[in-house]
Structures are given as structure tokens and as C-alpha cells.
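**Student:** Below you'll find the structure I mean.
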Amino acid sequence: MIIQICVGSSCHLKGSEQIVKLMQDAIAEHDLDAEITLAGSFCTGQCNRVGVTITVDDDIFTGITPETFSEFFRTNILSRI
Amino acid sequence: MRKFDTKVQHLKYKVLREVARQAWNDTLYDNLYEIPKMIVPGKIPTMRCCVYKERAILEERVKIAMGGDKSNPNIIEVIDIACDECPAAGYDVTDSCRGCLAHRCEDACKKDAITFDHNYVAHIDKTKCVECGMCAKVCPYSAITNRKRPCQNACKVKAISINEDNAAKIDDEKCIQCGACVYQCPFGAISDKSYILDVVKMLKSEDNGKEYKTYAIVAPSISSQFKYAKLGQVITGLKALGFHTVIEVALGADMVAQKESAELAEKGFLTSSCCPAFVKYVKQAFPDMAKHISHNLSPMAMLAKYIKDTDTKAKVVFIGPCTAKKAELQLDTVKPYVDSVLTFEELQALFDSKDLEIETMEEGVLDNASYFGRIFARSGGLTDAVAQGIKEQNLDIEFKPCICDGIEECKIALIKKSKDMLDANFIEGMACVGGCIGGAGCLTHGPKTKSDVDKYGEEAMEKSILDAISMLK
């Protein structure tokens with residue numbers, strides 16, 4: 001599974017760095033290093049008022065914040081593994 | 001006229017704008033021969049002897065705006081009919097010479113080239129004169145002037161000579177494409193070829209991002225440009241042109257600083273590789289030193305490579321102050337990553353070809369890089385970034401940089417190094433005086449450009465290089 005976190009200007013200013021950190025920790029916690037390739041991406045053209053855009057394989061999810069991250073990870077990542 | 005330093009730039013801009021406008025409308029080939037007339041209407045000449053010559057020269061400018069002579073790989077070209085064939089006499093004594101007693105000029109001349117007539121007036125023996133300029137400097141009446149051609153004066157690598165027709169001629173081997181002659185020729189007789197049509201075509205054919213996405217990557221020196229608008233408005237303007245997104249090349253600079261500091265620690269001596277004009281100069285004038293050039297890609301190519309790794313269908317257009325980047329684009333190591341290059345002059349023409357008033361637009365955001373990536377735009381910035389890279393990575397090396405501001409200083413450092421007399425282990429080579437902010441493709445050059453760059457650097461959210469690139473793994 002390829003997960004791309006947007007590091008374009010807009011997402012960046014809304015905290016993509018923090019999301020990257022959370023993602024790395026979550027991957028380590030569930031020992032998913034072998035299953036998941038984590039990468040950056042630039043703007044997917046979905047700039048939002050809140051949160052960061054994450055692309056999982058071909059699906060785009062927007063508005064992820066540190067508060068909604070664990071829910072996102074559970075429903076959209078763990079469920080697909 | 002607020003947009004440019006000179007009327008020559010303004011004229012070049014009008015041609016580019018018109019060519020681009022016709023291209024957007026798919027009418028370029030219908031109206032090709034009308035463009036000179038659109039720019040110089042009527043019968044009264046405003047620049048040259050007659051409107052016919054003005055238009056003939058404009059035809060040549062249109063050709064260059066459309067990519068120029070394809071058989072000539074040099075991206076810098078002379079428009080021979082535009083060359084005014086300036087007198088090329090070098091140093092001359094003028095009527096202001098008073099035939100004084102002191103004769104400082106005579107003492108200053110190390111070549112015994114100065115003699116005096118029966119009125120004690122100075123004369124310069126051209127066979128002995130080496131054009132060092134010392135006599136002109138010491139004359140209290142400023143009676144000695146340099147009548148060397150502006151293009152030859154500007155060309156510090158001595159690539160310009162005079163051909164049999166008395167027009168300027170470029171030695172393509174020696175030329176480093178820095179663009180100094182383009183900016184300095186008062187008649188606009190030397191120009192950099194434009195890829196503006198390639199970019200219009202790219203933006204027109206992407207079908208709103210369905211076919212592919214076009215990324216604009218902007219050089220950090222943009223912070224000193226388009227001062228009639230805010231940087232955020234320039235970003236919005238770029239998107240209005242059809243670019244999918246805008247990314248700072250300063251992020252590529254952060255990547256370079258990180259790798260270059262590690263490479264320096266490993267090799268012990270290094271020259272920078274960011275400035276394509278400097279790199280070409282080392283290769284052609286000091287081939288033995290070429291092995292010391294950093295093996296890293298330039299920030300432009302580094303970032304473009306990263307983009308293409310994440311989006312394989314991406315098209316990448318570099319926008320910056322630099323004419324030499326257009327030559328870098330032709331290198332086999334860069335070609336796969338960068339699709340085209342525009343200068344800030346050309347971007348202004350592109351905005352206006354679509355009648356975009358960027359100063360009225362909303363402000364977009366641009367934030368990808370650190371303070372250190374952003375200050376690459378000015379002389380000394382790269383060195384500060386490498387010093388920071390050494391610190392952040394705890395590298396075991398004593399950093400002794402030699403900052404070369406302009407190709408003349410580069411030359412001195414390279415000569416010293418080749419004679420083993422340089423007390424430094426890193427050469428920062430920038431061909432333009434002041435660094436990239438002195439580039440020939442800038443709209444304006446001014447005393448405040450350096451502080452503009454520093455201010456923009458300080459606004460970066462990331463304070464360290466590692467912060468900026470940590471997310472890119």
C-alpha cells in the first residue's frame with residue numbers, strides 16, 4: 001500500500017509535518033513497515049480549509065488533522081491491510 | 001515602466017507578450033508577420049533610423065521569442081542587425097586632459113603605454129595597453145574613459161569579440177550563458193532564446209490536469225521580484241495561468257545543502273554545483289578542477305526529480321532569474337526532470353498575455369522550504385546553508401568557505417586553487433554579482449533585493465534544513 005501525505009504549501013501550513021510524524025509512529029506501532037510505503041506528494045488540487053490531504057493508493061482523503069488522525073488510520077488504513 | 005530596469009527589457013517583453021497572446025488564441029501563425037507592426041505602428045520611428053529597420057529587428061526578436069535559431073545550441077544569440085557596432089576603442093584620453101604636471105596616469109601604467117605630446121597631453125599606445133583601467137582610475141579630471149563595448153565589458157569570460165562586419169560575435173565554447181551581455185547591451189542586440197511557446201503549449205494541452213499536471217517551480221529570488229504585487233498574488237497568478245501548483249525551488253536547495261555538506265565532509269574539497277554558468281565555466285576554463293564540482297544536481301533539478309518521482313506524469317517548469325538555466329535544461333542529467341525554463345521577464349509577459357492583473361488577486365500560499373533554502377538566492381546564502389548542514393548532521397570537518405560573488409571572483413579562486421594557494425575547502429561559485437538576484441532574467445535589480453531575500457527567508461516556517469526535508473523521505 002502506498003500512502004502519500006501532501007507536503008504542498010497549503011497542507012504544509014496546516015500541519016502535514018505533524019501528520020507525517022503521527023503516520024510514522026502509527027506504522028511503527030502496528031509493525032506495518034513491510035506493507036506500507038510512506039511518501040510525500042505535492043498538491044492534489046483538493047486544498048481545504050482544515051487539515052491535510054492524504055492519498056492512499058488511488059483514493060484521496062482530505063481534511064485530516066491530528067485530532068481525526070487515529071480514526072482515519074483505523075478506518076482507512078488498517079481496514080485495508 | 002515600474003516593471004523593468006530598462007526600455008530594452010520592456011521591448012523584449014512586448015514581443016514575448018504578443019507572441020504568447022497569439023499562441024493562447026491559436027493565431028500565432030496567422031499573425032506572425034503582423035506582430036512587428038503591432039509593436040511599432042505608424043510611420044514615425046521611435047528607436048532607430050526608420051520604422052522598417054525597427055520592424056526588421058522586431059522580426060528577429062519574434063524569432064527569438066519563438067525559440068530562436070534551432071541550429072545554434074547556444075541559448076544566447078546576437079541579433080546582428082540590431083547591433084549598433086559601437087566604437088570599440090578601449091581606453092582613450094579625452095579632451096578633458098589638461099596636460100597636468102602630476103601625470104598620475106603615467107605612474108599608474110605598469111606597461112609604459114602612456115606618452116605625452118608637446119602640450120603634455122597624455123596619449124595611450126594601444127599596442128602596449130592591456131586595458132587594466134588604472135590610468136582612468138587615478139586621473140583627477142576623469143579625462144580617461146573606457147570606450148570598450150558594453151557587451152564586451154559585461155562578458156567577464158571574454159566570449160565576445162567583433163566580427164568582420166563590426167558586429168558582436170559570441171564564442172559559443174566560452175560562453176557560459178550568464179546573460180550579462182543580454183542585460184547590458186544598450187541596443188538589445190543580444191538576447192536569450194525563449195521557451196515561452198513550449199510553456200503555453202504545455203498549459204493548453206494538459207486539459208485541466210486530466211492529461212498531466214504542470215508544476216511551476218520558482219526560484220527563491222522571486223522574493224525580490226514582482227514588487228508591485230505580493231508574493232502570494234504571484235502564486236495565484238501562476239495558478240490562473242493553468243499551473244497545477246507552485247513549489248519553491250528553495251526546497252530543492254535544502255536537499256542540496258544537506259547532501260553537499262555530507263559530500264564535502266567525505267571528499268575534503270568541493271565547489272558548488274548550483275549555478276550552471278559557474279559549472280560550465282569550471283569545465284571549459286579549468287578542466288582539471290572539474291572533478292571537484294559537487295556531484296549533486298542543482299536545486300532546480302533535485303526538486304524536479306523529486307516531483308517526477310511522486311507524480312510520473314508531471315511536467316515541470318522552472319521559473320527564475322537565470323538565462324543559464326535554459327542551457328542547464330539541455331544537459332542529459334537534467335533533461336529527464338525539467339521540461340522547460342522561464343525567466344521572470346517571460347513570466348511577466350505570460351501574465352500580461354492573459355491580461356492577468358495579479359496585484360488585484362487573492363493571495364495564495366507558498367511554503368515548502370527553510371530559511372537556508374530560501375537564502376540561496378543571494379551570494380553567501382549557499383555557504384550559510386552548507387555550514388548549517390554540517391552542524392545539523394554533526395559532520396566532522398572544519399568548514400573553510402570561499403564565497404565568490406560574480407564570475408570574476410570565481411576565476412581568482414579557481415586560479416588560486418589550481419596553484420594550490422587557496423586557503424579554503426569549499427568554493428561557492430555564483431556567476432552573477434550578488435548571486436541569483438543579480439541574474440539577467442530578473443525584471444528589476446535594486447539595492448534592496450538582498451534584504452528582500454533575507455526577509456523572505458526569515459518568514460519560512462521551518463528554521464532548519466532537516467525540518468524542511470524530513471517529510472520527503
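Residue numbers start at 1 in each chain; chains themselves are named A, B, ... in the order of the C-alpha cells; ligands are numbered from 1 in the order shown.
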Determine, counting only C-alpha atoms, which protein, DNA and RNA residues have an atom within 8 Å of an atom of stretch 32-47 of chain B; residues of the same chain fewer than 4 positions away are not included. Present the result as a PDB file with N, CA and C atoms, in the first residue's frame.
**Tutor:**
ATOM      1  N   LYS B  14       7.426  43.195 -24.661  1.00  0.00           N
ATOM      2  CA  LYS B  14       6.264  43.420 -25.543  1.00  0.00           C
ATOM      3  C   LYS B  14       6.187  42.340 -26.625  1.00  0.00           C
ATOM      4  N   VAL B  15       7.361  41.960 -27.121  1.00  0.00           N
ATOM      5  CA  VAL B  15       7.391  40.913 -28.148  1.00  0.00           C
ATOM      6  C   VAL B  15       6.938  39.579 -27.554  1.00  0.00           C
ATOM      7  N   GLU B  18       3.193  39.519 -26.889  1.00  0.00           N
ATOM      8  CA  GLU B  18       2.389  39.401 -28.104  1.00  0.00           C
ATOM      9  C   GLU B  18       2.454  37.990 -28.676  1.00  0.00           C
ATOM     10  N   VAL B  19       3.673  37.419 -28.681  1.00  0.00           N
ATOM     11  CA  VAL B  19       3.824  36.051 -29.194  1.00  0.00           C
ATOM     12  C   VAL B  19       2.987  35.090 -28.343  1.00  0.00           C
ATOM     13  N   LEU B  28      -1.081  32.500 -33.789  1.00  0.00           N
ATOM     14  CA  LEU B  28       0.298  32.934 -33.966  1.00  0.00           C
ATOM     15  C   LEU B  28       0.747  32.875 -35.423  1.00  0.00           C
ATOM     16  N   VAL B  51      11.088  53.134 -39.455  1.00  0.00           N
ATOM     17  CA  VAL B  51      10.229  52.060 -38.931  1.00  0.00           C
ATOM     18  C   VAL B  51      10.549  50.711 -39.573  1.00  0.00           C
ATOM     19  N   GLU B  54      13.258  49.166 -37.653  1.00  0.00           N
ATOM     20  CA  GLU B  54      12.691  48.757 -36.357  1.00  0.00           C
ATOM     21  C   GLU B  54      11.915  47.449 -36.496  1.00  0.00           C
ATOM     22  N   ARG B  55      11.120  47.384 -37.569  1.00  0.00           N
ATOM     23  CA  ARG B  55      10.307  46.171 -37.742  1.00  0.00           C
ATOM     24  C   ARG B  55      11.156  44.967 -38.137  1.00  0.00           C
ATOM     25  N   ALA B  56      12.197  45.231 -38.913  1.00  0.00           N
ATOM     26  CA  ALA B  56      13.077  44.122 -39.306  1.00  0.00           C
ATOM     27  C   ALA B  56      13.728  43.522 -38.061  1.00  0.00           C
ATOM     28  N   LEU B  58      12.491  43.729 -35.042  1.00  0.00           N
ATOM     29  CA  LEU B  58      11.413  43.072 -34.278  1.00  0.00           C
ATOM     30  C   LEU B  58      11.109  41.681 -34.820  1.00  0.00           C
ATOM     31  N   GLU B  59      11.212  41.533 -36.119  1.00  0.00           N
ATOM     32  CA  GLU B  59      11.016  40.188 -36.692  1.00  0.00           C
ATOM     33  C   GLU B  59      12.016  39.207 -36.088  1.00  0.00           C
ATOM     34  N   VAL B  62      10.975  38.388 -32.638  1.00  0.00           N
ATOM     35  CA  VAL B  62       9.874  37.418 -32.638  1.00  0.00           C
ATOM     36  C   VAL B  62      10.441  36.006 -32.788  1.00  0.00           C
TER      37      VAL B  62
END
**Student:** What are the residues of chain A lining chain B at 6 Å or less? Count only C-alpha atoms, and put the answer as a ChimeraX atom specification.
**Tutor:** /A:9,40-41
**Student:** Can you pull out the residues contacting B:Glu328? Cut-off 12 Å, using only C-alpha atoms, and skip same-chain residues under 3 positions away; I want them as a PyMOL selection string.
**Tutor:** chain B and resi 73-75+176-178+273-280+297-301+318+322-325+331-341
**Student:** For the residues in the current selection, export N, CA and C atoms as a CSV table (one decimal), in the first residue's frame.
**Tutor:**
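Saved to result.csv:
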chain,number,residue,atom,x,y,z
B,73,PRO,N,23.1,25.8,-30.8
B,73,PRO,CA,22.7,25.3,-29.5
B,73,PRO,C,22.8,26.3,-28.4
B,74,ASN,N,23.6,27.4,-28.6
B,74,ASN,CA,23.7,28.4,-27.6
B,74,ASN,C,22.4,29.1,-27.4
B,75,ILE,N,22.0,29.3,-26.2
B,75,ILE,CA,20.7,29.9,-25.9
B,75,ILE,C,20.8,31.4,-25.9
B,176,ILE,N,29.1,31.2,-21.1
B,176,ILE,CA,28.6,30.4,-20.0
B,176,ILE,C,27.1,30.7,-19.8
B,177,GLN,N,26.5,31.5,-20.8
B,177,GLN,CA,25.1,31.8,-20.8
B,177,GLN,C,24.6,32.6,-19.5
B,178,CYS,N,25.5,33.3,-18.9
B,178,CYS,CA,25.1,34.1,-17.7
B,178,CYS,C,24.1,35.2,-18.1
B,273,SER,N,27.6,23.3,-7.1
B,273,SER,CA,27.2,22.9,-8.5
B,273,SER,C,25.8,23.6,-8.8
B,274,CYS,N,25.4,24.5,-8.0
B,274,CYS,CA,24.0,25.1,-8.2
B,274,CYS,C,23.9,26.0,-9.4
B,275,CYS,N,25.0,26.8,-9.6
B,275,CYS,CA,25.0,27.8,-10.6
B,275,CYS,C,25.5,27.2,-12.0
B,276,PRO,N,24.6,27.0,-12.9
B,276,PRO,CA,25.0,26.3,-14.2
B,276,PRO,C,26.1,27.1,-15.0
B,277,ALA,N,26.1,28.4,-14.8
B,277,ALA,CA,27.1,29.2,-15.5
B,277,ALA,C,28.5,29.0,-14.9
B,278,PHE,N,28.5,28.9,-13.6
B,278,PHE,CA,29.8,28.6,-12.9
B,278,PHE,C,30.3,27.2,-13.3
B,279,VAL,N,29.4,26.2,-13.3
B,279,VAL,CA,29.8,24.9,-13.6
B,279,VAL,C,30.3,24.8,-15.0
B,280,LYS,N,29.7,25.5,-15.9
B,280,LYS,CA,30.2,25.4,-17.3
B,280,LYS,C,31.6,26.1,-17.4
B,297,LEU,N,22.9,17.3,-8.1
B,297,LEU,CA,22.1,18.1,-9.1
B,297,LEU,C,21.9,19.5,-8.5
B,298,SER,N,21.5,20.4,-9.3
B,298,SER,CA,21.2,21.7,-8.8
B,298,SER,C,19.9,21.7,-8.1
B,299,PRO,N,19.6,22.7,-7.3
B,299,PRO,CA,18.3,22.7,-6.6
B,299,PRO,C,17.1,22.5,-7.6
B,300,MET,N,17.2,23.2,-8.7
B,300,MET,CA,16.1,23.0,-9.7
B,300,MET,C,15.9,21.6,-10.1
B,301,ALA,N,17.0,20.9,-10.5
B,301,ALA,CA,16.9,19.5,-11.0
B,301,ALA,C,16.5,18.6,-9.8
B,318,PHE,N,10.6,25.4,-14.6
B,318,PHE,CA,11.4,26.2,-13.7
B,318,PHE,C,11.2,27.7,-14.1
B,322,CYS,N,17.3,33.3,-14.3
B,322,CYS,CA,18.6,32.9,-14.9
B,322,CYS,C,18.4,32.5,-16.3
B,323,THR,N,19.3,33.0,-17.2
B,323,THR,CA,19.4,32.5,-18.6
B,323,THR,C,20.1,31.2,-18.7
B,324,ALA,N,21.1,31.0,-17.8
B,324,ALA,CA,21.9,29.8,-17.9
B,324,ALA,C,21.1,28.5,-17.6
B,325,LYS,N,20.0,28.7,-16.8
B,325,LYS,CA,19.2,27.5,-16.5
B,325,LYS,C,18.6,26.9,-17.8
B,331,LEU,N,21.2,19.6,-20.6
B,331,LEU,CA,22.1,18.6,-20.1
B,331,LEU,C,21.4,17.3,-20.0
B,332,ASP,N,22.1,16.2,-20.3
B,332,ASP,CA,21.5,14.9,-20.2
B,332,ASP,C,21.1,14.5,-18.8
B,333,THR,N,21.8,15.1,-17.8
B,333,THR,CA,21.5,14.8,-16.4
B,333,THR,C,20.2,15.5,-15.9
B,334,VAL,N,19.8,16.5,-16.6
B,334,VAL,CA,18.7,17.4,-16.2
B,334,VAL,C,17.5,17.2,-17.0
B,335,LYS,N,17.7,16.9,-18.3
B,335,LYS,CA,16.6,16.8,-19.3
B,335,LYS,C,15.4,15.9,-18.8
B,336,PRO,N,15.7,14.8,-18.2
B,336,PRO,CA,14.6,13.9,-17.8
B,336,PRO,C,13.7,14.6,-16.8
B,337,TYR,N,14.1,15.6,-16.0
B,337,TYR,CA,13.4,16.1,-14.9
B,337,TYR,C,12.7,17.4,-15.2
B,338,VAL,N,13.4,18.3,-15.9
B,338,VAL,CA,12.8,19.6,-16.1
B,338,VAL,C,12.3,19.7,-17.5
B,339,ASP,N,11.1,20.2,-17.7
B,339,ASP,CA,10.5,20.2,-19.1
B,339,ASP,C,10.8,21.6,-19.7
B,340,SER,N,10.8,22.7,-18.9
B,340,SER,CA,11.0,23.9,-19.6
B,340,SER,C,11.5,25.0,-18.5
B,341,VAL,N,12.0,26.1,-19.0
B,341,VAL,CA,12.5,27.1,-18.2
B,341,VAL,C,12.0,28.5,-18.6
**Student:** Rank A:Cys6, A:Ala26, A:Ile64, A:Ile19 by their smallest atom-to-atom distance to A:Leu78, using only C-alpha atoms, and report the top residue only.
**Tutor:**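 Answer, going by the shortest atom-to-atom distance: A:Ala26.
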**Student:** Which polymer residues have any atom within 8 Å of an atom of B:Gly438, counting only C-alpha atoms, with same-chain residues fewer than 6 positions away left out, as number ranges by chain?
**Tutor:** B: 321, 432, 445
**Student:** Could the residues in this selection be saved with N, CA and C atoms as a JSON list (two decimals), in the first residue's frame?
**Tutor:**
[["chain", "number", "residue", "atom", "x", "y", "z"],
["B", 321, "PRO", "N", 15.50, 33.69, -12.32],
["B", 321, "PRO", "CA", 16.17, 34.89, -12.79],
["B", 321, "PRO", "C", 17.24, 34.60, -13.84],
["B", 432, "CYS", "N", 26.72, 35.48, -11.30],
["B", 432, "CYS", "CA", 26.18, 36.84, -11.29],
["B", 432, "CYS", "C", 26.58, 37.56, -10.00],
["B", 445, "HIS", "N", 16.57, 45.03, -10.80],
["B", 445, "HIS", "CA", 17.69, 44.81, -9.89],
["B", 445, "HIS", "C", 17.78, 46.06, -9.04]]
**Student:** Could you list, as a PyMOL selection string, every residue within 12 Å of B:Asp172, counting only C-alpha atoms and ignoring same-chain residues fewer than 6 positions away?
**Tutor:** chain B and resi 72-78+157-161+280-281+284+327
**Student:** Per DSSP on the backbone, filter stretch 34-197 of chain B down to the residues in strand (DSSP E or B) and report them as a list in words.
**Tutor:**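 After running DSSP on the backbone, stretch 34-197 of chain B has strand (DSSP E or B) at Ile76, Glu77, Val78, Tyr91, Asp92, Val93, Ile114, Thr115, Phe116, Ala122, His123, Ile124, Ile144, Thr145, Asn146, Ile160, Ser161, Ile162, Ala168, Lys169, Ile170, Ile190, Ser191 and Asp192 of chain B.
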**Student:** For the residues in the current selection, export C-alpha atoms as a compact mmCIF listing (two decimals), in the first residue's frame.
**Tutor:**
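Below you can see result.txt, which holds the result:
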# COMPACT_ATOMS: atom_id res chain seq x y z
CA ILE B 76 22.32 33.36 -26.11
CA GLU B 77 22.12 34.86 -29.59
CA VAL B 78 23.25 38.06 -31.29
CA TYR B 91 40.75 53.23 -23.09
CA ASP B 92 41.01 56.70 -24.63
CA VAL B 93 42.22 60.07 -23.44
CA ILE B 114 51.27 56.40 -21.77
CA THR B 115 53.22 59.08 -23.64
CA PHE B 116 52.83 62.86 -23.77
CA ALA B 122 48.51 62.11 -22.48
CA HIS B 123 48.18 59.51 -25.26
CA ILE B 124 47.72 55.76 -24.92
CA ILE B 144 40.39 58.87 -19.49
CA THR B 145 37.35 56.86 -20.46
CA ASN B 146 36.73 53.28 -21.39
CA ILE B 160 32.55 38.28 -27.10
CA SER B 161 34.63 39.53 -29.99
CA ILE B 162 33.90 41.64 -33.03
CA ALA B 168 29.35 41.46 -31.77
CA LYS B 169 30.14 37.76 -32.04
CA ILE B 170 29.81 35.14 -29.31
CA ILE B 190 21.88 40.15 -27.67
CA SER B 191 19.05 38.05 -26.39
CA ASP B 192 18.30 34.78 -24.65
**Student:** Could you list, as a PyMOL selection string, every residue within 12 Å of stretch 200-205 of chain B, counting only C-alpha atoms and ignoring same-chain residues fewer than 3 positions away?
**Tutor:** chain B and resi 16-17+19-26+28+66+194-197+208-216+238-244+314-317+339-342+346-347+349-351+353-354
**Student:** Could you tell me, as a tab-separated table (two decimals) with C-alpha atoms, in the first residue's frame, which residues of chain A DSSP assigns to alpha helix (DSSP H) when given the backbone?
**Tutor:**
chain	number	residue	atom	x	y	z
A	9	SER	CA	2.26	24.73	0.61
A	10	SER	CA	-1.33	24.67	1.73
A	11	CYS	CA	-1.25	21.33	3.56
A	12	HIS	CA	2.18	22.13	4.85
A	13	LEU	CA	0.91	25.24	6.57
A	16	SER	CA	1.43	18.00	7.29
A	17	GLU	CA	4.66	17.66	9.23
A	18	GLN	CA	2.74	16.63	12.32
A	19	ILE	CA	0.66	14.19	10.31
A	20	VAL	CA	3.81	12.62	8.85
A	21	LYS	CA	5.10	12.09	12.37
A	22	LEU	CA	1.80	10.56	13.53
A	23	MET	CA	1.75	8.29	10.48
A	24	GLN	CA	5.31	7.11	11.07
A	25	ASP	CA	4.50	6.37	14.70
A	26	ALA	CA	1.31	4.53	13.81
A	27	ILE	CA	3.10	2.43	11.18
A	28	ALA	CA	5.79	1.54	13.69
A	29	GLU	CA	3.24	0.79	16.39
A	69	PHE	CA	-5.87	11.00	12.62
A	70	SER	CA	-6.34	7.86	14.69
A	71	GLU	CA	-9.90	7.42	13.42
A	72	PHE	CA	-8.67	7.91	9.85
**Student:** Could you jot down the atom CA of B:Ala102 to atom CA of B:Asp125 separation for me, Å, one decimal place?
**Tutor:**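 Going from atom CA of B:Ala102 over to atom CA of B:Asp125 covers 19.3 Å.
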**Student:** Tell me which protein, DNA and RNA residues are within 9 Å of A:Cys47, counting only C-alpha atoms, leaving out same-chain ones fewer than 4 positions away, and put them as a PyMOL selection string.
**Tutor:** chain A and resi 10-11+43+51-53+62-63
**Student:** Any idea what the distance is between atom CA of B:Thr449 and atom CA of B:Ser224?
**Tutor:** 5.0 Å
**Student:** In terms of the shortest atom-to-atom distance over only C-alpha atoms, which of A:His30, A:Gly45, A:Ile54, A:Asp59 is closest to A:Gln4?
**Tutor:** A:Ile54
**Student:** Give me, please, the distance in Å between atom CA of B:Gly429 and atom CA of B:Arg149, quoted to one decimal.
**Tutor:**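 Going from atom CA of B:Gly429 over to atom CA of B:Arg149 covers 26.0 Å.
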